[in-house]
Amino acid sequence: MWDAFGFEFVNFYLIPGLVLGCIYALGAIGITLTFGILRFANFAHGEVMMSGAYIAWTIMALVGAAGIALHPLVALPFAAIFVIGLFLLCDRWFYKPFRKADTIKIVIASFGVMLIIRSAVQALWGPNQITFVPGIARPNAWLQSVTGDAGMMILMPNKHLWIFAGTILLVVALSYLLNRTRTGKAMRAVSDSPDLAHVTGINVETVIKATWIVGGICATAAGVFLVMDTQTLETTMGFRMLLPMFAAAILGGIGKPYGAVFGGLVIGLAEELSAYPWIGDTPLLSPGYKTGVAFAIMVVMLIVRPQGLFKGRSF
Amino acid sequence: MKKTLLATAATFMATSAMADVNIGNPMAMTGPIPDLNAPIAAAVDLAAQNVNDQGGMFADGETLNIVRADSACDPTAAVDAVTKLINVNSVSAIVGPVCSGATIAQAESVSIPAGVVTLSVSASSPAITNMEDGTDLVFRAAASDAYQGVALAELALANGFDEIAVSYANDDYNAAIAEVFVQAYTDLGGTVTANEAHEPNKASYRSEVATIGATSDNLALFSYYGSGGITLMRNALETGAFTNFIGADGMLSDELIEQIGAENLMTSTFTTSASDDSTPSFAAWKAIADEAGVPASDPFVANGYDATFMMALAIEAAGSDDRAVIAESLRAIATAPGEVILPGEWAKAKEILAAGGEINYEGAAGNQDFDENGDVAGNFSKSTIVDGAWAAELIQ
Amino acid sequence: MEAYLGYFLYLLSLLTVGGIYAIFALGLNVQWGFAGLFNAGIVGFVAVGAYVYALLTTAESTFHIGGFGLPLPVGMAIAMAMAALIAGLIGLVCIRLRSDYLAIATIGIAEIIKLIFKNETDITNGPRGINKIPRAWEHFSEERFYSSAPMSWIATPEQWVAFFDSLPNWYWQPLFAGTILLVVFIIYKMLERARTSPWGRMMTAIRENEPASRAAGKDVTKRRIEAFVIGAAIMGLGGALFAQHLRLIEPTNTFDPSKVTFLVWVMLIAGGSGNNRGAILGAFLIWTIWSASELLIAGMIDVISAVFSTLDPSILATRAGFLRMMLIGILMQVILQRYPGGILPEVRPASPKAEKTVAGATGETK
């Protein structure tokens, strides 16, 4: 019989939920900023995330061919540059023409961008899975022994420690940007009230560019963290993450980056915890319904409190 | 607009010459399992290439064309693709599609009403057995789950697992085989401690693994390696929830070794419909596949080769690519009596047929003798890791 | 000669599937074009219609609940009613959400509906789906139909078998395609009447200026729910026809949002939202491009590999499917930017007064 170490809830439900939550959170930041500032639900966000992970892998493979093993976190900034470029190009070609038009147009356009990016990645890298990092990740031995001595053995592989550290770093940097810099303040102003922001002389186009840049960095990080965790690259992974990320953004309140982080963690935890045997020893909810948990939370939230937990904008 | 398009399409299609033999091959090129599909498509092409290299079709050496279309593992796309193959490309028969759902939909909606034979590469759903309503138009080169699930249950007990937890991906293939396995395993006296579906393609399965991992050390895993199977296995190994793994052919791929590492898979056993290296037919197939760089033991790759090769033999034996005569001919070339033909032996078969003799194709994935429902029974082998690679051994 | 028959049958299949998509697009047009409701969960209503129809009309089966063997029109009517009922329930709680929010909520609900069909295996046979769904006209040649009333009143089973044997095996195709086109026509006529009626003008008013219509004493919420329910009922009917066309439905791949919801949106936006003829034109046009592009790309690969003989055509062929998706994506961007109102833009119904002065101008499109 499997030894649960008496601490199975934390190790096998809570920590995995938080890891997934971090990834959702980073993706949701980009979605919530775009939604708040450009006022549309960007369906291409997941695909941009996915392409970021592919670029990071390619950089690692190219450098690896020269004999240097690159850590994914080192490849991340370079991939982010590419993703920002991709976002800005998409904006110029596909989103800008619809700035003043109906929301539906730009949403459909983003759906089209999603198709174009995904099929481009599939045509370039092929549809087959690609191994990101081979092997399996054992728990960090030092952490295991230290916490084990304290009677609360925590089992966490290094990749999860990196994901937590990276997410915390990015969220701190983001909060500095939004609270302490001029651009960040302008972004918040546009998100809260575009007309008022325009009147006070804020250059909306610059703010939009800044939004894509911030969203691009977070999306790349989310994509790279996701493949660090699953260790596999696939072309459909972006779309699969998209709806939970929307759910996270809505849960936190549209236009509220901290809300998105919180929402991401809640959705990630809810998905993993739904399979915990809360009552008796069978899963609370059949794991077949796991995907539905995020959607159910999202729909209930929209109906009960559409402005989100953090008082985002509601239409 | 419509007319111009059609006319242009017609002109393009004319480039594939009409005098040749055309076989339609709807495959899941896009959709949920393109990675599983790619080597199967390569095996189909390889079979056609073998035929064309060894004298082609009929006395005057006509070319065997594989007309590929995208069924996307999706009934809508499969119906549309096969409609085009049958009506526009005028193919003689259909080899493929890959998924059971797509196969049933295209057969019931298009190919059976049109009287065209379908020889499926990998559709393993038990529902296919009884779907033809008195016609004899649907065959398959892969054994029904009803066989493999039982073989796997016997193997699990033979390995000494008298209790087991089951986790299956909630898709048509894996749900079906898991059901057969659970039934057979309990009938044979085993105890199923947990039986849960998992949603394919999730980023993490740690909670599922932990929940069912509390019940047993042994896991029967039914999943495609490409749509969550590897992730689930990795999560199970990382958390240490299970020690022994057993599963069906959806998981058997070199990709698994590459991603998880052979040293972590020492306690894993997967069955596959392919025979082991000791049978002459599998050895013949392995030689051909290795030379062409096709992964010989990946899921359904051998079946893809068999299906195409048998379809070519059937058309050759019938002496014409007329749709109506293929079904009967397909039975004749696949079953005894007759000279045994191994994978790749096109020239030999052609010679015997030309002399009026009978042949019996023994396929790479089994003996391929069709029963009255057009199903084949499978030989199964178990694959374990030996020296860092999968090694197969016959179990039935 | 046989080749021409093949093209004719392919044309019929284009009309069949195009017609089914036209029904979806007309349903969406009621919701979006008339009432401005951003429903991104089309696939949910289609799935409800298809499953209800399949369960009610198939012969008894051990795989799923029932197989009630009801007559086809009854199955279609109940499919419509169930889709409408579910839309009504969703409408009651969700209709006050605006644009994107309604879209995201409906996507979520559609996914939950699909998950229920997938996981409640005892009722729906789960991911393996329901097959042997009877198709209009073709089903007459099934034994359980010709050996029972009312067909058995006309002739004996043996006579029926002889009769169906004497027909070409594609006899049902023109009839089935014709039936679908007839359904499209009837829905079109009804929606045109609705559009030019006071109800339709009120819908436009609510869509364009909600506070003003509210101030004028209109029950905005009720009208919105009406439009949502009518649209969903049409989609449910389309779903029943979709199930007949496919003859097998399963929850995962048949009801893939990117191939149902998204494709229908492209059709409506390309054809012209708010314009029923636009919706129909968009559906036929986009489906034809979608379907025929495979033949085109296959042909192009033949040409390319003939010209560049060193190129390995198998790599091109493996990836052709993706190029096709990319083509659709780009085509859509072009249509969106070039034809902002769609190919046939919306024409406002003239008020009854204006109609008298410009006789026959109603619904005329340029």
# chains A, B, ... in the order shown; residues from 1 in each chain; ligands from 1
>>> interface_residues(of="chain C", to="chain B", cutoff="7 Å", atoms="only C-alpha atoms", output="PyMOL selection string")
chain C and resi 6-7+9-10+127-128+169-170+245-248+253-254+288+295-296+299+318+321-322
>>> write_last_selection(atoms="N, CA and C atoms", output="CSV table (one decimal), in the first residue's frame")
chain,number,residue,atom,x,y,z
C,6,GLY,N,-20.4,11.4,-59.6
C,6,GLY,CA,-19.6,11.7,-58.4
C,6,GLY,C,-19.6,13.1,-58.0
C,7,TYR,N,-19.4,14.0,-59.0
C,7,TYR,CA,-19.4,15.4,-58.8
C,7,TYR,C,-20.8,15.9,-58.3
C,9,LEU,N,-23.0,14.1,-56.7
C,9,LEU,CA,-23.2,13.7,-55.3
C,9,LEU,C,-22.4,14.5,-54.3
C,10,TYR,N,-21.2,14.9,-54.7
C,10,TYR,CA,-20.4,15.8,-53.9
C,10,TYR,C,-21.1,17.2,-53.7
C,127,PRO,N,-17.9,8.7,-24.1
C,127,PRO,CA,-17.1,9.1,-25.3
C,127,PRO,C,-17.2,8.3,-26.5
C,128,ARG,N,-17.8,7.1,-26.4
C,128,ARG,CA,-18.0,6.3,-27.6
C,128,ARG,C,-19.1,6.7,-28.5
C,169,ASN,N,-28.2,3.3,-55.2
C,169,ASN,CA,-27.9,3.3,-53.7
C,169,ASN,C,-27.8,4.8,-53.2
C,170,TRP,N,-27.8,5.8,-54.1
C,170,TRP,CA,-27.8,7.1,-53.6
C,170,TRP,C,-29.1,7.8,-53.6
C,245,HIS,N,-27.1,13.6,-40.5
C,245,HIS,CA,-26.1,13.6,-41.6
C,245,HIS,C,-24.9,12.7,-41.1
C,246,LEU,N,-24.5,12.8,-39.9
C,246,LEU,CA,-23.3,12.1,-39.4
C,246,LEU,C,-23.6,10.6,-39.1
C,247,ARG,N,-24.8,10.3,-38.6
C,247,ARG,CA,-25.2,9.0,-38.2
C,247,ARG,C,-24.4,8.5,-37.0
C,248,LEU,N,-23.4,9.2,-36.5
C,248,LEU,CA,-22.8,8.9,-35.2
C,248,LEU,C,-22.4,10.2,-34.6
C,253,ASN,N,-15.2,15.1,-30.3
C,253,ASN,CA,-14.7,15.6,-31.5
C,253,ASN,C,-15.8,16.1,-32.4
C,254,THR,N,-17.0,15.5,-32.3
C,254,THR,CA,-18.1,16.0,-33.1
C,254,THR,C,-18.5,17.4,-32.8
C,288,THR,N,-18.2,25.6,-48.4
C,288,THR,CA,-17.7,25.2,-49.6
C,288,THR,C,-16.2,25.4,-49.7
C,295,LEU,N,-9.3,19.6,-51.3
C,295,LEU,CA,-9.0,19.1,-52.7
C,295,LEU,C,-7.9,20.1,-53.3
C,296,LEU,N,-8.1,21.4,-53.1
C,296,LEU,CA,-7.2,22.3,-53.7
C,296,LEU,C,-5.8,22.1,-53.2
C,299,GLY,N,-4.3,19.1,-54.5
C,299,GLY,CA,-3.8,19.3,-55.9
C,299,GLY,C,-2.6,20.2,-56.0
C,318,THR,N,1.8,15.7,-44.9
C,318,THR,CA,1.5,15.6,-43.4
C,318,THR,C,1.0,16.9,-42.9
C,321,GLY,N,-2.9,19.8,-43.7
C,321,GLY,CA,-4.1,20.1,-42.9
C,321,GLY,C,-3.9,21.4,-42.1
C,322,PHE,N,-2.7,21.6,-41.7
C,322,PHE,CA,-2.4,22.8,-40.9
C,322,PHE,C,-2.5,24.0,-41.8
>>> interface_residues(of="chain B", to="chain A", cutoff="6 Å", atoms="only C-alpha atoms", output="ChimeraX atom specification")
/B:34-35,197-199,207,214,216-217,238,241,259-261
>>> closest_atom_pairs(of="chain A", to="chain C", cutoff="8 Å", atoms="only C-alpha atoms", output="Markdown table")
| residue | atom | partner | partner_atom | distance |
| --- | --- | --- | --- | --- |
| A:Phe40 | CA | C:Asp100 | CA | 7.2 |
| A:Ala41 | CA | C:Asp100 | CA | 6.8 |
| A:Phe94 | CA | C:Gln333 | CA | 7.1 |
| A:Pro97 | CA | C:Gln337 | CA | 7.3 |
| A:Thr103 | CA | C:Ser99 | CA | 7.9 |
| A:Ile104 | CA | C:Phe38 | CA | 7.8 |
| A:Lys105 | CA | C:Leu336 | CA | 7.1 |
| A:Ile108 | CA | C:Val266 | CA | 7.6 |
| A:Ala109 | CA | C:Gln333 | CA | 6.2 |
| A:Phe111 | CA | C:Phe262 | CA | 7.9 |
| A:Gly112 | CA | C:Gly329 | CA | 4.6 |
| A:Val113 | CA | C:Gly329 | CA | 6.7 |
| A:Leu115 | CA | C:Gly329 | CA | 5.6 |
| A:Ile116 | CA | C:Met326 | CA | 4.7 |
| A:Ile117 | CA | C:Met326 | CA | 7.9 |
| A:Ser119 | CA | C:Phe322 | CA | 4.9 |
| A:Ala120 | CA | C:Met326 | CA | 7.0 |
| A:Gln122 | CA | C:Phe322 | CA | 6.5 |
| A:Ala123 | CA | C:Arg319 | CA | 5.6 |
| A:Gly126 | CA | C:Arg319 | CA | 7.2 |
| A:Leu243 | CA | C:Gly108 | CA | 7.9 |
| A:Phe246 | CA | C:Ile104 | CA | 7.9 |
| A:Gly288 | CA | C:Asn119 | CA | 6.4 |
| A:Tyr289 | CA | C:Leu115 | CA | 6.5 |
| A:Gly292 | CA | C:Ile112 | CA | 5.7 |
| A:Phe295 | CA | C:Gly108 | CA | 4.9 |
| A:Ala296 | CA | C:Gly108 | CA | 7.1 |
| A:Met298 | CA | C:Ala105 | CA | 7.2 |
| A:Val299 | CA | C:Ala105 | CA | 5.2 |
| A:Leu302 | CA | C:Ala105 | CA | 7.0 |
| A:Ile303 | CA | C:Cys94 | CA | 6.4 |
| A:Phe315 | CA | C:Arg98 | CA | 6.0 |
>>> atom_distance(atom1="atom CA of A:Trp125", atom2="atom CA of A:Ala56")
12.9 Å
>>> residues_around(residues="A:Cys22", least_positions_apart="3", cutoff="12 Å", atoms="only C-alpha atoms", output="PyMOL selection string")
chain A and resi 15-19+25-29+160-171+218-219+221-226+229+245+248+260-269
